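Printed here is structure35.cif (mmCIF, C-alpha atoms (C1' of nucleotides)):
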```
data_input
#
loop_
_atom_site.label_atom_id
_atom_site.label_comp_id
_atom_site.auth_asym_id
_atom_site.auth_seq_id
_atom_site.Cartn_x
_atom_site.Cartn_y
_atom_site.Cartn_z
CA MET Y 1 48.09 82.85 106.88
CA ASP Y 2 48.82 79.49 108.45
CA ILE Y 3 52.16 78.53 106.89
CA ASP Y 4 52.25 75.17 108.60
CA ALA Y 5 48.75 74.21 107.43
CA ILE Y 6 49.66 75.22 103.87
CA HIS Y 7 52.87 73.17 103.85
CA LYS Y 8 50.96 70.17 105.23
CA ALA Y 9 48.20 70.58 102.65
CA LEU Y 10 50.84 70.63 99.90
CA ALA Y 11 52.54 67.52 101.27
CA ASN Y 12 50.13 65.25 99.41
CA PRO Y 13 50.21 64.52 95.69
CA VAL Y 14 46.43 64.30 95.31
CA ARG Y 15 45.95 67.75 96.78
CA ARG Y 16 48.72 69.22 94.62
CA GLN Y 17 47.08 67.60 91.61
CA ILE Y 18 43.71 69.14 92.46
CA LEU Y 19 45.34 72.57 92.80
CA ALA Y 20 46.99 72.09 89.39
CA TRP Y 21 43.68 71.08 87.77
CA LEU Y 22 41.96 74.13 89.24
CA LYS Y 23 44.59 76.31 87.64
CA GLU Y 24 43.15 75.48 84.21
CA PRO Y 25 39.51 74.52 84.77
CA GLU Y 26 38.67 75.07 81.09
CA VAL Y 27 41.13 72.29 80.24
CA TYR Y 28 40.22 69.78 82.94
CA PHE Y 29 36.57 70.55 83.65
CA ALA Y 30 35.22 71.63 80.28
CA GLU Y 31 32.17 69.38 80.79
CA GLN Y 32 30.79 71.56 83.58
CA GLN Y 33 27.40 73.06 82.66
CA HIS Y 34 27.54 76.02 85.03
CA PRO Y 35 30.09 78.78 84.35
CA LEU Y 36 33.63 77.90 85.42
CA SER Y 37 34.02 81.40 86.83
CA LEU Y 38 32.03 80.12 89.84
CA GLY Y 39 34.64 77.45 90.41
CA VAL Y 40 34.48 73.71 89.81
CA CYS Y 41 31.90 71.62 91.61
CA ALA Y 42 33.04 68.81 93.89
CA GLY Y 43 31.54 66.01 91.81
CA LEU Y 44 33.70 66.80 88.78
CA ILE Y 45 36.82 66.85 90.92
CA ASP Y 46 35.76 63.49 92.40
CA ARG Y 47 35.55 61.96 88.97
CA ARG Y 48 39.07 63.06 88.06
CA CYS Y 49 40.53 61.42 91.17
CA ALA Y 50 40.68 57.64 91.41
CA LEU Y 51 39.38 57.91 94.96
CA SER Y 52 36.09 57.69 96.81
CA GLN Y 53 33.77 60.67 97.08
CA SER Y 54 34.34 60.96 100.83
CA THR Y 55 38.11 60.92 100.44
CA VAL Y 56 38.08 63.69 97.85
CA SER Y 57 35.72 65.72 100.00
CA ALA Y 58 38.21 65.44 102.86
CA HIS Y 59 41.07 66.58 100.59
CA LEU Y 60 39.03 69.60 99.52
CA ALA Y 61 38.34 70.37 103.18
CA THR Y 62 42.08 70.28 103.90
CA LEU Y 63 42.84 72.68 101.04
CA LEU Y 64 40.00 74.90 102.23
CA LYS Y 65 41.24 74.99 105.84
CA ALA Y 66 44.72 75.88 104.59
CA GLY Y 67 43.17 78.76 102.65
CA LEU Y 68 44.48 77.53 99.28
CA ILE Y 69 40.97 77.29 97.83
CA THR Y 70 37.60 78.87 98.53
CA SER Y 71 34.17 77.30 98.27
CA HIS Y 72 30.86 78.72 97.19
CA ARG Y 73 27.64 76.80 97.61
CA VAL Y 74 24.89 77.23 95.00
CA GLY Y 75 21.91 75.02 95.51
CA GLN Y 76 23.04 71.48 95.91
CA TRP Y 77 26.43 72.14 94.37
CA ASN Y 78 29.59 73.33 96.03
CA TYR Y 79 32.03 75.14 93.78
CA PHE Y 80 35.73 75.30 94.54
CA LYS Y 81 38.35 77.60 93.12
CA ARG Y 82 41.92 78.53 93.91
CA ASP Y 83 42.50 81.41 96.29
CA GLU Y 84 45.16 83.11 94.21
CA ALA Y 85 45.76 85.83 96.79
CA THR Y 86 46.67 83.34 99.52
CA ILE Y 87 48.69 81.21 97.12
CA GLN Y 88 50.69 84.24 95.99
CA ALA Y 89 51.19 85.44 99.56
CA PHE Y 90 52.48 82.00 100.50
CA ILE Y 91 54.92 81.95 97.60
CA ASP Y 92 56.10 85.46 98.44
CA GLN Y 93 56.89 84.66 102.07
CA MET Y 94 58.47 81.33 101.11
CA THR Y 95 62.14 82.20 101.50
CA LEU Y 96 63.13 78.55 102.07
CA MET F 1 64.53 65.85 92.04
CA ASP F 2 61.90 64.14 94.16
CA ILE F 3 59.19 66.79 94.45
CA ASP F 4 57.05 64.71 96.76
CA ALA F 5 59.94 64.00 99.17
CA ILE F 6 60.78 67.71 99.24
CA HIS F 7 57.20 68.75 100.01
CA LYS F 8 57.02 66.13 102.77
CA ALA F 9 60.34 67.25 104.21
CA LEU F 10 59.06 70.83 104.30
CA ALA F 11 55.81 69.79 105.99
CA ASN F 12 57.42 69.92 109.42
CA PRO F 13 58.24 73.09 111.36
CA VAL F 14 61.44 71.71 112.91
CA ARG F 15 62.89 70.86 109.50
CA ARG F 16 61.91 74.27 108.09
CA GLN F 17 63.57 75.87 111.11
CA ILE F 18 66.79 73.92 110.55
CA LEU F 19 66.85 75.00 106.90
CA ALA F 20 66.35 78.60 107.99
CA TRP F 21 69.20 78.39 110.52
CA LEU F 22 71.50 76.90 107.90
CA LYS F 23 70.81 79.90 105.70
CA GLU F 24 72.77 82.09 108.12
CA PRO F 25 75.19 79.82 109.93
CA GLU F 26 77.35 82.75 111.04
CA VAL F 27 74.35 84.08 112.98
CA TYR F 28 73.11 80.83 114.52
CA PHE F 29 76.26 78.74 114.79
CA ALA F 30 78.98 81.31 115.46
CA GLU F 31 80.36 79.09 118.25
CA GLN F 32 81.55 76.42 115.80
CA GLN F 33 85.34 76.02 115.91
CA HIS F 34 85.76 74.58 112.44
CA PRO F 35 85.09 76.83 109.42
CA LEU F 36 81.38 77.27 108.66
CA SER F 37 82.16 76.88 104.97
CA LEU F 38 82.26 73.13 105.68
CA GLY F 39 78.73 73.27 106.97
CA VAL F 40 77.39 73.02 110.52
CA CYS F 41 78.05 69.90 112.54
CA ALA F 42 75.12 67.88 113.81
CA GLY F 43 75.79 68.50 117.48
CA LEU F 44 75.33 72.26 117.19
CA ILE F 45 72.04 71.78 115.36
CA ASP F 46 70.97 69.38 118.12
CA ARG F 47 71.59 71.99 120.76
CA ARG F 48 69.43 74.57 118.96
CA CYS F 49 66.47 72.18 118.81
CA ALA F 50 64.61 71.34 122.00
CA LEU F 51 64.66 67.69 120.91
CA SER F 52 66.71 64.59 121.53
CA GLN F 53 69.87 63.86 119.57
CA SER F 54 68.29 60.90 117.81
CA THR F 55 65.24 62.89 116.75
CA VAL F 56 67.33 65.68 115.26
CA SER F 57 69.51 63.13 113.49
CA ALA F 58 66.36 61.67 111.91
CA HIS F 59 65.21 65.14 110.78
CA LEU F 60 68.60 65.76 109.18
CA ALA F 61 68.32 62.38 107.43
CA THR F 62 64.91 63.39 106.04
CA LEU F 63 66.28 66.69 104.71
CA LEU F 64 69.24 64.80 103.26
CA LYS F 65 67.08 62.21 101.50
CA ALA F 66 64.97 65.01 100.03
CA GLY F 67 68.17 66.57 98.71
CA LEU F 68 67.63 69.87 100.54
CA ILE F 69 70.94 69.55 102.41
CA THR F 70 74.21 67.75 101.88
CA SER F 71 76.48 66.15 104.46
CA HIS F 72 80.22 65.92 104.67
CA ARG F 73 81.93 63.75 107.23
CA VAL F 74 85.26 64.90 108.65
CA GLY F 75 86.64 62.69 111.38
CA GLN F 76 83.99 62.19 114.02
CA TRP F 77 81.95 65.15 112.88
CA ASN F 78 79.29 65.33 110.22
CA TYR F 79 78.78 68.73 108.64
CA PHE F 80 75.50 69.73 107.03
CA LYS F 81 74.81 72.57 104.66
CA ARG F 82 71.97 73.64 102.42
CA ASP F 83 71.98 72.35 98.84
CA GLU F 84 71.17 75.68 97.24
CA ALA F 85 71.03 74.20 93.72
CA THR F 86 68.29 71.73 94.64
CA ILE F 87 66.44 74.32 96.70
CA GLN F 88 66.47 76.78 93.81
CA ALA F 89 65.43 74.11 91.32
CA PHE F 90 62.52 73.20 93.58
CA ILE F 91 61.41 76.82 93.87
CA ASP F 92 61.71 77.27 90.11
CA GLN F 93 59.50 74.29 89.26
CA MET F 94 57.04 75.21 92.01
CA THR F 95 54.21 76.61 89.93
CA LEU F 96 51.61 75.86 92.61
"C1'" DC B 1 93.71 48.43 123.86
"C1'" DT B 2 90.25 51.21 126.41
"C1'" DT B 3 87.64 55.25 126.89
"C1'" DT B 4 85.45 59.21 125.21
"C1'" DT B 5 83.04 61.94 121.79
"C1'" DA B 6 80.09 62.52 117.80
"C1'" DT B 7 76.63 60.67 115.28
"C1'" DA B 8 73.51 57.08 113.35
"C1'" DT B 9 70.32 53.37 113.84
"C1'" DC B 10 66.92 50.40 116.33
"C1'" DG B 11 62.73 49.38 118.80
"C1'" DT B 12 58.71 51.31 120.23
"C1'" DA B 13 54.67 54.12 121.67
"C1'" DA B 14 51.61 58.03 120.64
"C1'" DG B 15 49.51 60.59 117.40
"C1'" DA B 16 48.51 62.08 112.59
"C1'" DT B 17 47.13 60.95 107.89
"C1'" DC B 18 44.70 58.55 104.33
"C1'" DA B 19 41.37 55.70 102.50
"C1'" DC B 20 36.96 53.43 102.71
"C1'" DG B 21 31.85 52.53 103.24
"C1'" DA B 22 27.93 54.04 105.67
"C1'" DT B 23 25.21 57.67 107.05
"C1'" DA B 24 23.69 62.53 107.52
"C1'" DT B 25 22.51 66.86 105.39
"C1'" DT B 26 20.85 69.96 102.08
"C1'" DG B 27 18.37 71.45 98.31
"C1'" DA B 28 15.72 70.27 94.02
"C1'" DA B 29 12.41 67.67 91.74
"C1'" DA B 30 8.44 64.79 91.36
"C1'" DT T 1 5.71 65.22 101.20
"C1'" DT T 2 8.56 61.59 99.31
"C1'" DT T 3 12.41 60.89 96.46
"C1'" DC T 4 16.68 61.88 94.32
"C1'" DA T 5 21.18 64.09 93.62
"C1'" DA T 6 25.26 66.45 95.49
"C1'" DT T 7 28.13 66.83 99.15
"C1'" DA T 8 29.77 66.50 104.02
"C1'" DT T 9 30.58 63.96 108.11
"C1'" DC T 10 31.29 59.77 110.97
"C1'" DG T 11 33.52 55.54 112.41
"C1'" DT T 12 37.21 52.66 111.51
"C1'" DG T 13 41.33 50.22 110.04
"C1'" DA T 14 46.01 50.66 107.87
"C1'" DT T 15 49.87 53.12 107.34
"C1'" DC T 16 53.02 57.07 108.17
"C1'" DT T 17 55.17 60.46 111.26
"C1'" DT T 18 57.29 62.07 115.33
"C1'" DA T 19 59.49 61.53 119.45
"C1'" DC T 20 62.07 58.97 122.84
"C1'" DG T 21 65.77 56.11 125.14
"C1'" DA T 22 68.93 52.55 124.27
"C1'" DT T 23 72.33 50.79 121.54
"C1'" DA T 24 75.63 50.59 117.66
"C1'" DT T 25 79.40 52.56 115.06
"C1'" DA T 26 83.39 55.26 114.02
"C1'" DA T 27 87.05 58.15 114.96
"C1'" DA T 28 90.00 60.47 118.32
"C1'" DA T 29 92.19 60.62 122.80
"C1'" DG T 30 94.36 58.58 126.59
#
```
For the structure just supplied, provide its representation as structure tokens.
Amino acid sequence: MDIDAIHKALANPVRRQILAWLKEPEVYFAEQQHPLSLGVCAGLIDRRCALSQSTVSAHLATLLKAGLITSHRVGQWNYFKRDEATIQAFIDQMTL
Amino acid sequence: MDIDAIHKALANPVRRQILAWLKEPEVYFAEQQHPLSLGVCAGLIDRRCALSQSTVSAHLATLLKAGLITSHRVGQWNYFKRDEATIQAFIDQMTL
DNA sequence: CTTTTATATCGTAAGATCACGATATTGAAA
DNA sequence: TTTCAATATCGTGATCTTACGATATAAAAG
């Protein structure tokens, strides 16, 4: 677990917001056709952010590299979901 | 409590290290003449970091602005200690 | 007063981050 | 195949961060 990468990923309000949305996908991404158990596809996350597609893609890549989310490609879609194991492990080690 | 400022303050390994040292001042700053209950004076923190005096002073200012530490000037010395109330409040709200 | 000590602030350069539009890639559909 | 839709990557400015040495400030010592 890369503690520094996780702290840096969390040091941005857009990325924290995305993580919060992914915590309750049924609330924030109810419009998704495919089952939410797969995760949420990038396009829907894009639409929630007031940012360009490429910018949101980069934020998702940062969260992914930090291990806070996982991705799963199905056809032309890429589904993202929280990696609860890593998130919990981070919280547990976080003595501060 | 400025959540964003706290996350940004934590997104740096030197500042996390300083916070960790301040958690056990009797271990890391035993050489201090004045009582550790006051806090640890800036100079001793400087010496622990492999960084210039001005850089460490800036890191302490960042932690201070985030509310993670408090400072207390006595004569020519400035003592820093963790603000446990703010730290705990941050942890408590940190749902992630 | 002048000097010394402790610390903060200033100016600046290098590097990282964030956002964008344009383009590439990948898979599905026509 | 050609086209379209979803997503990633590239190139590029603008801004933020980190570090430094030099200088300023403030209090104590001489």
Identify all chain B residues at most 9 Å from chain Y by counting only C-alpha atoms (C1' of nucleotides); ligands do not count. Present them as a ChimeraX atom specification.
-> /B:18-20,26-28
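The shortest atom-to-atom distance to chain T, with all atoms listed in the file taken into account, belongs to Y:Ala61 out of Y:Ala61, Y:Leu10, Y:Ile91, Y:Val40.
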Write out as an MDAnalysis selection string the residues lying within 9 Å of B:DA6, counting only C-alpha atoms (C1' of nucleotides) and excluding same-chain residues fewer than 6 positions away.
-> (chainID F and resid 42:43 76:78) or (chainID T and resid 26:27)
Please write the residues from the selection above to a file, keeping C-alpha atoms (C1' of nucleotides), as a PDB file, in the frame of the given file.
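Output file result-v2.pdb follows:
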```pdb
ATOM      1  CA  ALA F  42      75.120  67.880 113.810  1.00  0.00           C
ATOM      2  CA  GLY F  43      75.790  68.500 117.480  1.00  0.00           C
ATOM      3  CA  GLN F  76      83.990  62.190 114.020  1.00  0.00           C
ATOM      4  CA  TRP F  77      81.950  65.150 112.880  1.00  0.00           C
ATOM      5  CA  ASN F  78      79.290  65.330 110.220  1.00  0.00           C
TER       6      ASN F  78
ATOM      7  C1'  DA T  26      83.390  55.260 114.020  1.00  0.00           C
ATOM      8  C1'  DA T  27      87.050  58.150 114.960  1.00  0.00           C
TER       9       DA T  27
END
```
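Each of B:DG21, B:DT3, B:DA14, B:DA29 was checked against T:DC10 using only C-alpha atoms (C1' of nucleotides); the smallest atom-to-atom distance is that of B:DG21.
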Quick one: which residues end up in the PyMOL selection byres ((chain F and resi 63-66) around 9) for this structure, as number ranges by chain?
-> F: 1-10, 15, 19, 58-62, 67-71, 80
Can you move chain Y onto chain F by a least-squares fit over all C-alpha atoms paired in order, then give me the moved copy as an mmCIF file with C-alpha atoms, in the frame of the given file?
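Generated output (result.cif):
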```
data_model
loop_
_atom_site.group_PDB
_atom_site.id
_atom_site.type_symbol
_atom_site.label_atom_id
_atom_site.label_comp_id
_atom_site.auth_asym_id
_atom_site.auth_seq_id
_atom_site.Cartn_x
_atom_site.Cartn_y
_atom_site.Cartn_z
ATOM 1 C CA MET Y 1 64.488 65.827 92.008
ATOM 2 C CA ASP Y 2 61.881 64.136 94.160
ATOM 3 C CA ILE Y 3 59.175 66.799 94.469
ATOM 4 C CA ASP Y 4 57.057 64.702 96.779
ATOM 5 C CA ALA Y 5 59.939 63.995 99.173
ATOM 6 C CA ILE Y 6 60.787 67.710 99.254
ATOM 7 C CA HIS Y 7 57.206 68.759 100.014
ATOM 8 C CA LYS Y 8 57.026 66.134 102.776
ATOM 9 C CA ALA Y 9 60.355 67.250 104.229
ATOM 10 C CA LEU Y 10 59.069 70.839 104.301
ATOM 11 C CA ALA Y 11 55.827 69.800 105.990
ATOM 12 C CA ASN Y 12 57.445 69.931 109.423
ATOM 13 C CA PRO Y 13 58.270 73.088 111.355
ATOM 14 C CA VAL Y 14 61.455 71.705 112.912
ATOM 15 C CA ARG Y 15 62.901 70.860 109.522
ATOM 16 C CA ARG Y 16 61.941 74.259 108.098
ATOM 17 C CA GLN Y 17 63.578 75.862 111.119
ATOM 18 C CA ILE Y 18 66.797 73.918 110.563
ATOM 19 C CA LEU Y 19 66.839 74.993 106.906
ATOM 20 C CA ALA Y 20 66.362 78.621 107.999
ATOM 21 C CA TRP Y 21 69.210 78.383 110.535
ATOM 22 C CA LEU Y 22 71.515 76.912 107.899
ATOM 23 C CA LYS Y 23 70.803 79.893 105.700
ATOM 24 C CA GLU Y 24 72.759 82.103 108.111
ATOM 25 C CA PRO Y 25 75.194 79.819 109.938
ATOM 26 C CA GLU Y 26 77.340 82.776 111.033
ATOM 27 C CA VAL Y 27 74.333 84.082 112.972
ATOM 28 C CA TYR Y 28 73.103 80.836 114.511
ATOM 29 C CA PHE Y 29 76.262 78.744 114.772
ATOM 30 C CA ALA Y 30 78.967 81.304 115.458
ATOM 31 C CA GLU Y 31 80.355 79.079 118.242
ATOM 32 C CA GLN Y 32 81.560 76.438 115.791
ATOM 33 C CA GLN Y 33 85.356 76.028 115.904
ATOM 34 C CA HIS Y 34 85.773 74.575 112.423
ATOM 35 C CA PRO Y 35 85.084 76.825 109.415
ATOM 36 C CA LEU Y 36 81.388 77.288 108.656
ATOM 37 C CA SER Y 37 82.149 76.890 104.961
ATOM 38 C CA LEU Y 38 82.263 73.128 105.664
ATOM 39 C CA GLY Y 39 78.717 73.277 106.954
ATOM 40 C CA VAL Y 40 77.394 73.021 110.497
ATOM 41 C CA CYS Y 41 78.038 69.904 112.531
ATOM 42 C CA ALA Y 42 75.100 67.877 113.815
ATOM 43 C CA GLY Y 43 75.795 68.503 117.495
ATOM 44 C CA LEU Y 44 75.328 72.265 117.174
ATOM 45 C CA ILE Y 45 72.045 71.781 115.357
ATOM 46 C CA ASP Y 46 70.962 69.376 118.123
ATOM 47 C CA ARG Y 47 71.581 71.998 120.749
ATOM 48 C CA ARG Y 48 69.423 74.563 118.962
ATOM 49 C CA CYS Y 49 66.464 72.173 118.823
ATOM 50 C CA ALA Y 50 64.590 71.311 122.003
ATOM 51 C CA LEU Y 51 64.636 67.676 120.931
ATOM 52 C CA SER Y 52 66.684 64.556 121.538
ATOM 53 C CA GLN Y 53 69.851 63.858 119.584
ATOM 54 C CA SER Y 54 68.279 60.880 117.815
ATOM 55 C CA THR Y 55 65.239 62.883 116.762
ATOM 56 C CA VAL Y 56 67.333 65.666 115.262
ATOM 57 C CA SER Y 57 69.501 63.123 113.487
ATOM 58 C CA ALA Y 58 66.363 61.666 111.909
ATOM 59 C CA HIS Y 59 65.218 65.138 110.785
ATOM 60 C CA LEU Y 60 68.606 65.746 109.179
ATOM 61 C CA ALA Y 61 68.328 62.380 107.431
ATOM 62 C CA THR Y 62 64.928 63.388 106.039
ATOM 63 C CA LEU Y 63 66.287 66.687 104.701
ATOM 64 C CA LEU Y 64 69.253 64.808 103.257
ATOM 65 C CA LYS Y 65 67.078 62.211 101.495
ATOM 66 C CA ALA Y 66 64.972 65.017 100.026
ATOM 67 C CA GLY Y 67 68.173 66.577 98.693
ATOM 68 C CA LEU Y 68 67.635 69.877 100.540
ATOM 69 C CA ILE Y 69 70.935 69.548 102.406
ATOM 70 C CA THR Y 70 74.220 67.742 101.868
ATOM 71 C CA SER Y 71 76.477 66.153 104.452
ATOM 72 C CA HIS Y 72 80.223 65.903 104.666
ATOM 73 C CA ARG Y 73 81.928 63.745 107.248
ATOM 74 C CA VAL Y 74 85.268 64.896 108.690
ATOM 75 C CA GLY Y 75 86.615 62.709 111.416
ATOM 76 C CA GLN Y 76 83.976 62.186 114.010
ATOM 77 C CA TRP Y 77 81.938 65.162 112.875
ATOM 78 C CA ASN Y 78 79.281 65.333 110.216
ATOM 79 C CA TYR Y 79 78.777 68.729 108.633
ATOM 80 C CA PHE Y 80 75.508 69.732 107.020
ATOM 81 C CA LYS Y 81 74.798 72.573 104.655
ATOM 82 C CA ARG Y 82 71.968 73.639 102.399
ATOM 83 C CA ASP Y 83 71.980 72.357 98.842
ATOM 84 C CA GLU Y 84 71.187 75.681 97.224
ATOM 85 C CA ALA Y 85 71.046 74.203 93.730
ATOM 86 C CA THR Y 86 68.294 71.740 94.649
ATOM 87 C CA ILE Y 87 66.448 74.333 96.710
ATOM 88 C CA GLN Y 88 66.485 76.785 93.804
ATOM 89 C CA ALA Y 89 65.432 74.106 91.324
ATOM 90 C CA PHE Y 90 62.527 73.200 93.587
ATOM 91 C CA ILE Y 91 61.413 76.812 93.866
ATOM 92 C CA ASP Y 92 61.704 77.265 90.107
ATOM 93 C CA GLN Y 93 59.505 74.282 89.265
ATOM 94 C CA MET Y 94 57.027 75.190 92.011
ATOM 95 C CA THR Y 95 54.217 76.639 89.916
ATOM 96 C CA LEU Y 96 51.591 75.884 92.592
#
```
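Picture a line from atom C1' of B:DA24 to atom C1' of T:DA8; it runs 8.1 Å.
In this model, the gap between atom CA of F:Ala11 and atom CA of Y:Ala11 comes to 6.2 Å.
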Which one is closest to chain T: Y:Leu44, Y:Cys49, Y:Ala89, Y:Leu96? Count all atoms listed in the file.
-> Y:Leu44
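Between atom C1' of B:DT12 and atom CA of F:Val14 the interatomic distance comes to 21.8 Å.
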Can you sort out the box for stretch 76-84 of chain F, edges along x, y and z, all listed atoms in, 6 Å on every side, with centre and edge lengths in Å to one decimal, as JSON?
```
{"center_x": 77.6, "center_y": 68.9, "center_z": 105.6, "size_x": 24.8, "size_y": 25.5, "size_z": 28.8}
```
Using the chain letters and residue numbers of this document, give as a PyMOL selection string the residues selected by the PyMOL selection byres ((chain T) within 8 of (chain Y)).
-> chain T and resi 5-8
